[in-house]
$ cat final.pdb   # PDB, C-alpha atoms and all ligand atoms
ATOM      1  CA  MET A  14     113.096 118.158  99.199
ATOM      2  CA  GLU A  15     116.393 119.246 100.741
ATOM      3  CA  VAL A  16     119.672 119.136  98.801
ATOM      4  CA  SER A  17     121.020 116.070 100.627
ATOM      5  CA  GLU A  18     117.743 114.233 100.016
ATOM      6  CA  LEU A  19     117.760 115.236  96.371
ATOM      7  CA  LYS A  20     121.307 113.921  95.916
ATOM      8  CA  ALA A  21     120.359 110.610  97.494
ATOM      9  CA  TYR A  22     117.305 110.365  95.251
ATOM     10  CA  VAL A  23     119.283 111.148  92.102
ATOM     11  CA  HIS A  24     121.938 108.620  93.070
ATOM     12  CA  ARG A  25     119.374 105.852  93.550
ATOM     13  CA  ARG A  26     117.672 106.637  90.252
ATOM     14  CA  ALA A  27     121.032 106.560  88.467
ATOM     15  CA  VAL A  28     121.893 103.170  89.934
ATOM     16  CA  LEU A  29     118.470 101.784  89.011
ATOM     17  CA  GLN A  30     118.715 103.079  85.457
ATOM     18  CA  ALA A  31     122.190 101.614  85.127
ATOM     19  CA  ALA A  32     120.899  98.295  86.415
ATOM     20  CA  VAL A  33     118.155  98.187  83.815
ATOM     21  CA  ALA A  34     120.348  99.473  81.004
ATOM     22  CA  THR A  35     123.068  96.923  81.558
ATOM     23  CA  GLY A  36     120.715  94.003  81.989
ATOM     24  CA  GLY A  37     122.337  93.349  85.337
ATOM     25  CA  GLY A  38     119.270  94.532  87.116
ATOM     26  CA  ALA A  39     118.874  91.770  89.652
ATOM     27  CA  ALA A  40     122.366  91.962  91.100
ATOM     28  CA  LEU A  41     122.540  95.735  91.097
ATOM     29  CA  LEU A  42     119.116  96.070  92.658
ATOM     30  CA  SER A  43     120.449  94.107  95.589
ATOM     31  CA  ALA A  44     123.302  96.556  96.041
ATOM     32  CA  LEU A  45     120.909  99.433  95.590
ATOM     33  CA  TYR A  46     118.835  98.598  98.591
ATOM     34  CA  VAL A  47     121.729  97.982 100.919
ATOM     35  CA  GLY A  48     122.717 101.548 100.116
ATOM     36  CA  ALA A  49     119.172 102.804 100.391
ATOM     37  CA  GLY A  50     119.210 102.117 104.093
ATOM     38  CA  LEU A  51     122.094 104.544 104.517
ATOM     39  CA  VAL A  52     120.574 107.637 102.938
ATOM     40  CA  PRO A  53     118.517 110.221 104.834
ATOM     41  CA  GLN A  54     114.844 109.514 105.377
ATOM     42  CA  GLU A  55     112.824 111.229 102.680
ATOM     43  CA  GLN A  56     109.335 112.602 103.017
ATOM     44  CA  VAL A  57     106.439 110.359 102.027
ATOM     45  CA  THR A  58     105.597 111.233  98.454
ATOM     46  CA  PRO A  59     103.016 109.363  96.344
ATOM     47  CA  GLU A  60     105.891 107.247  95.001
ATOM     48  CA  ARG A  61     106.787 106.222  98.561
ATOM     49  CA  GLU A  62     103.344 105.473  99.972
ATOM     50  CA  PRO A  63     102.995 101.976 101.414
ATOM     51  CA  VAL A  64     101.463  99.128  99.473
ATOM     52  CA  ALA A  65      97.682  99.012  99.934
ATOM     53  CA  PRO A  66      94.811  96.671  99.081
ATOM     54  CA  GLY A  67      93.510  97.451  95.594
ATOM     55  CA  ASP A  68      96.908  98.481  94.223
ATOM     56  CA  LEU A  69      97.773  97.106  90.812
ATOM     57  CA  ILE A  70     101.053  95.191  90.609
ATOM     58  CA  VAL A  71     103.418  96.373  87.875
ATOM     59  CA  TYR A  72     106.816  95.360  86.544
ATOM     60  CA  ALA A  73     109.687  97.126  88.335
ATOM     61  CA  GLN A  74     112.236  96.859  85.534
ATOM     62  CA  GLY A  75     112.809  95.939  81.933
ATOM     63  CA  ASP A  76     110.909  96.841  78.774
ATOM     64  CA  ARG A  77     107.590  96.502  80.590
ATOM     65  CA  ALA A  78     108.479  98.585  83.645
ATOM     66  CA  GLY A  79     105.348 100.276  84.985
ATOM     67  CA  GLN A  80     102.954  97.943  83.139
ATOM     68  CA  PRO A  81     100.550  95.683  85.068
ATOM     69  CA  VAL A  82     101.580  92.069  85.429
ATOM     70  CA  ASN A  83      99.127  89.658  83.834
ATOM     71  CA  ALA A  84      98.677  86.439  85.747
ATOM     72  CA  SER A  85      99.154  84.603  82.458
ATOM     73  CA  ASP A  86     102.606  86.206  82.001
ATOM     74  CA  LEU A  87     103.995  83.998  84.741
ATOM     75  CA  GLU A  88     105.064  80.451  83.925
ATOM     76  CA  PRO A  89     105.280  77.720  86.564
ATOM     77  CA  GLY A  90     108.756  77.377  87.991
ATOM     78  CA  GLN A  91     110.239  80.489  86.358
ATOM     79  CA  ARG A  92     112.388  82.827  88.432
ATOM     80  CA  GLN A  93     110.658  85.572  90.353
ATOM     81  CA  VAL A  94     109.528  88.809  88.722
ATOM     82  CA  ILE A  95     110.440  91.955  90.661
ATOM     83  CA  ALA A  96     107.457  94.279  90.892
ATOM     84  CA  TYR A  97     106.007  97.361  92.571
ATOM     85  CA  PRO A  98     102.488  98.363  93.612
ATOM     86  CA  MET A  99     100.745 101.107  91.659
ATOM     87  CA  ASN A 100      97.898 103.319  92.876
ATOM     88  CA  PRO A 101      95.008 102.424  90.527
ATOM     89  CA  GLN A 102      93.458 105.899  90.694
ATOM     90  CA  THR A 103      96.527 108.109  90.208
ATOM     91  CA  ARG A 104      98.575 105.484  88.308
ATOM     92  CA  VAL A 105     101.582 106.460  90.442
ATOM     93  CA  VAL A 106     104.037 103.586  90.822
ATOM     94  CA  LYS A 107     105.161 103.321  94.438
ATOM     95  CA  GLY A 108     108.671 102.385  93.475
ATOM     96  CA  GLU A 109     110.608 104.899  95.530
ATOM     97  CA  GLU A 110     109.968 102.990  98.753
ATOM     98  CA  PRO A 111     112.280  99.963  99.023
ATOM     99  CA  ALA A 112     109.863  98.201 101.381
ATOM    100  CA  ASN A 113     107.351  98.092  98.513
ATOM    101  CA  THR A 114     109.543  95.811  96.399
ATOM    102  CA  LEU A 115     107.614  92.638  95.579
ATOM    103  CA  LEU A 116     108.487  89.214  94.241
ATOM    104  CA  LEU A 117     105.984  87.376  92.047
ATOM    105  CA  LEU A 118     106.135  83.826  90.839
ATOM    106  CA  ARG A 119     103.907  81.024  89.705
ATOM    107  CA  LEU A 120     104.276  77.582  91.225
ATOM    108  CA  GLU A 121     102.311  74.397  90.845
ATOM    109  CA  ALA A 122      99.177  75.172  92.852
ATOM    110  CA  ALA A 123      99.169  71.700  94.380
ATOM    111  CA  SER A 124     102.669  72.266  95.776
ATOM    112  CA  LEU A 125     101.634  75.217  97.958
ATOM    113  CA  THR A 126     100.935  74.720 101.644
ATOM    114  CA  ALA A 127      97.366  75.502 102.655
ATOM    115  CA  GLU A 128      98.373  78.753 104.376
ATOM    116  CA  THR A 129     100.358  79.890 101.343
ATOM    117  CA  ALA A 130      97.514  79.023  98.965
ATOM    118  CA  ARG A 131      95.091  81.054 101.088
ATOM    119  CA  HIS A 132      96.819  84.295 100.031
ATOM    120  CA  ALA A 133      97.766  83.204  96.501
ATOM    121  CA  ALA A 134      95.907  83.598  93.202
ATOM    122  CA  GLY A 135      95.866  80.069  91.883
ATOM    123  CA  GLY A 136      99.563  79.192  91.812
ATOM    124  CA  VAL A 137     100.740  82.817  91.771
ATOM    125  CA  VAL A 138     102.295  84.043  95.004
ATOM    126  CA  ALA A 139     103.645  87.446  96.046
ATOM    127  CA  TYR A 140     106.196  88.126  98.754
ATOM    128  CA  SER A 141     108.157  91.060 100.062
ATOM    129  CA  GLY A 142     111.394  91.298  98.094
ATOM    130  CA  VAL A 143     113.398  92.613 101.047
ATOM    131  CA  CYS A 144     115.688  89.996 102.549
ATOM    132  CA  THR A 145     115.084  89.556 106.268
ATOM    133  CA  HIS A 146     118.811  89.106 106.877
ATOM    134  CA  LEU A 147     120.214  92.563 106.092
ATOM    135  CA  GLY A 148     117.790  94.044 103.586
ATOM    136  CA  CYS A 149     119.101  93.219 100.109
ATOM    137  CA  ILE A 150     116.605  92.375  97.382
ATOM    138  CA  VAL A 151     116.048  88.632  97.023
ATOM    139  CA  SER A 152     116.742  88.659  93.328
ATOM    140  CA  ASN A 153     118.054  85.198  92.502
ATOM    141  CA  TRP A 154     116.383  81.831  91.968
ATOM    142  CA  ILE A 155     117.614  78.285  92.476
ATOM    143  CA  ALA A 156     115.702  76.621  89.662
ATOM    144  CA  ASP A 157     116.356  72.977  90.479
ATOM    145  CA  LYS A 158     115.231  73.422  94.094
ATOM    146  CA  GLN A 159     112.563  76.053  93.389
ATOM    147  CA  LEU A 160     113.956  78.339  96.081
ATOM    148  CA  LEU A 161     114.335  82.094  96.340
ATOM    149  CA  PHE A 162     117.967  83.100  96.878
ATOM    150  CA  CYS A 163     119.512  86.325  98.140
ATOM    151  CA  PRO A 164     122.866  87.009  96.448
ATOM    152  CA  CYS A 165     124.248  89.113  99.307
ATOM    153  CA  HIS A 166     124.935  86.355 101.850
ATOM    154  CA  GLY A 167     123.116  83.331 100.481
ATOM    155  CA  ALA A 168     119.775  83.336 102.292
ATOM    156  CA  GLN A 169     117.268  80.857 100.869
ATOM    157  CA  TYR A 170     113.486  80.888 101.158
ATOM    158  CA  ASP A 171     110.837  78.322 100.203
ATOM    159  CA  PRO A 172     108.086  80.099  98.232
ATOM    160  CA  ARG A 173     105.788  77.075  98.477
ATOM    161  CA  ASP A 174     105.648  77.379 102.257
ATOM    162  CA  ARG A 175     105.148  81.072 103.120
ATOM    163  CA  ALA A 176     108.744  81.822 102.054
ATOM    164  CA  LYS A 177     110.071  80.282 105.224
ATOM    165  CA  ALA A 178     113.768  80.935 105.754
ATOM    166  CA  LEU A 179     115.973  77.880 105.206
ATOM    167  CA  VAL A 180     119.477  79.350 105.433
ATOM    168  CA  VAL A 181     121.009  82.537 106.921
ATOM    169  CA  ALA A 182     117.855  84.664 107.234
ATOM    170  CA  PRO A 183     116.120  84.859 110.622
ATOM    171  CA  LYS A 184     112.516  84.843 109.408
ATOM    172  CA  PRO A 185     110.311  84.387 106.329
ATOM    173  CA  LEU A 186     109.617  86.918 103.637
ATOM    174  CA  PRO A 187     106.113  88.159 104.456
ATOM    175  CA  GLN A 188     103.527  87.064 101.931
ATOM    176  CA  LEU A 189     101.282  89.641 100.264
ATOM    177  CA  PRO A 190      97.724  88.483  99.514
ATOM    178  CA  ILE A 191      96.835  88.924  95.854
ATOM    179  CA  ARG A 192      93.930  88.291  93.493
ATOM    180  CA  VAL A 193      93.352  88.444  89.758
ATOM    181  CA  GLU A 194      91.055  91.133  88.314
ATOM    182  CA  ASP A 195      90.496  91.353  84.580
ATOM    183  CA  GLY A 196      93.553  89.186  84.104
ATOM    184  CA  VAL A 197      95.987  91.380  86.067
ATOM    185  CA  LEU A 198      97.380  90.966  89.575
ATOM    186  CA  VAL A 199      95.975  93.157  92.336
ATOM    187  CA  VAL A 200      96.916  93.499  96.003
ATOM    188  CA  ALA A 201      94.227  91.863  98.149
ATOM    189  CA  GLY A 202      95.462  92.559 101.684
ATOM    190  CA  GLU A 203      98.321  93.579 103.956
ATOM    191  CA  PHE A 204     101.734  91.929 104.257
ATOM    192  CA  GLN A 205     101.425  88.897 106.530
ATOM    193  CA  GLY A 206     104.208  90.123 108.812
ATOM    194  CA  PRO A 207     106.819  92.865 109.115
ATOM    195  CA  VAL A 208     108.957  93.642 106.057
ATOM    196  CA  GLY A 209     112.745  93.444 106.178
ATOM    197  CA  PRO A 210     115.212  92.509 108.910
ATOM    198  CA  PRO A 211     114.097  92.392 112.543
ATOM    199  CA  THR A 212     114.572  95.725 114.272
TER     200      THR A 212
HETATM  201  S1  LIG A 301     120.939  90.466 103.008
HETATM  202 FE1  LIG A 301     120.141  88.678 102.090
HETATM  203  S2  LIG A 301     121.453  87.116 102.760
HETATM  204 FE2  LIG A 301     122.193  88.886 103.755
END
$ encode --input "final.pdb" --output "structure tokens"
Amino acid sequence: MEVSELKAYVHRRAVLQAAVATGGGAALLSALYVGAGLVPQEQVTPEREPVAPGDLIVYAQGDRAGQPVNASDLEPGQRQVIAYPMNPQTRVVKGEEPANTLLLLRLEAASLTAETARHAAGGVVAYSGVCTHLGCIVSNWIADKQLLFCPCHGAQYDPRDRAKALVVAPKPLPQLPIRVEDGVLVVAGEFQGPVGPPT
């Protein structure tokens, strides 16, 4: 890793740790990934490998960071959990690649469209966390409307209908197929579309 890459890496880790330590994780994570697009491209390390079928899904932040997410942890209608994929063989969390940021939430299964339910595990759905407007993390939740909300410029997405974009963003958040194995959430397929803003 070259010096400029190392500095960028250290800076991102410091911001992430500050976000977790202050409890302001959601808002600061959004700022983090806007900045992440400005740093030099780093080599693909195990922590930056793309999400793959069979990966375990683990918490990205908080006291349980790095631990698998149990399907039963998620309550219907609660705000999204921010998560990363983890290689099940090496146990490496692929959290250094912003495009791997995932959103998990449980909704009433009957409220999901048929296409959304096809890639869900019961009422649990997973989407890319990268806003398709300009790439912030979609870290907020509008509880009374059950909508995902990006704090950067106000994009809203409907998680019951393939995270279709309602305001600001040009396209949906791609859904990630998931399944439950031994009570924990596992990646079951590829993203159902390109991650992040249109290029
Ligand atoms: S980056 Fe999400 S609304 Fe602009």
$ residues_near_point --input "final.pdb" --point "(105.0, 79.1, 92.5)" --cutoff "6 Å" --atoms "all atoms listed in the file" --output "list in words"
Leu118, Arg119, Leu120, Glu121, Gly136 and Val137 of chain A
$ residues_near_ligand --input "final.pdb" --ligand "ligand LIG 301 (chain A)" --cutoff "7 Å" --atoms "only C-alpha atoms and all ligand atoms" --output "MDAnalysis selection string"
chainID A and resid 144:151 163:168 181:182
$ resolve_selection --input "final.pdb" --expression "the PyMOL selection byres (((chain A and resi 59-68) around 8) and not hetatm)" --output "PyMOL selection string"
chain A and resi 57-58+69-70+98-101+105-110+112-113+199-203
$ atom_distance --input "final.pdb" --atom1 "atom CA of A:Tyr140" --atom2 "atom CA of A:Pro185"
9.4 Å
$ resolve_selection --input "final.pdb" --expression "the PyMOL selection byres (((chain A and resi 208) around 9) and not hetatm)" --output "ChimeraX atom specification"
/A:112-113,141-145,186-187,204-207,209-211
$ resolve_selection --input "final.pdb" --expression "the PyMOL selection byres (((chain A and resi 92-94) around 7) and not hetatm)" --output "number ranges by chain"
A: 90-91, 95-96, 116-118, 154
$ atom_distance --input "final.pdb" --atom1 "atom CA of A:Thr126" --atom2 "atom CA of A:Val138"
11.5 Å
$ atom_distance --input "final.pdb" --atom1 "atom CA of A:Ser152" --atom2 "atom CA of A:Ala178"
14.9 Å
$ closest_residue --input "final.pdb" --among "A:Ile155, A:Tyr72, A:Gln169, A:Glu88" --to "A:Thr114" --atoms "all atoms listed in the file"
A:Tyr72
$ residues_around --input "final.pdb" --residues "A:Tyr170" --least-positions-apart "6" --cutoff "6 Å" --atoms "only C-alpha atoms" --output "PyMOL selection string"
chain A and resi 160-161+176-179
$ closest_residue --input "final.pdb" --among "A:Ala156, A:Leu198, A:Leu115, A:Ala127" --to "A:Ala139" --atoms "all atoms listed in the file"
A:Leu115
$ axis_aligned_box --input "final.pdb" --around "stretch 152-159 of chain A" --padding-each-side "4 Å" --output "JSON"
{"center_x": 115.3, "center_y": 80.8, "center_z": 91.9, "size_x": 13.5, "size_y": 23.7, "size_z": 12.4}
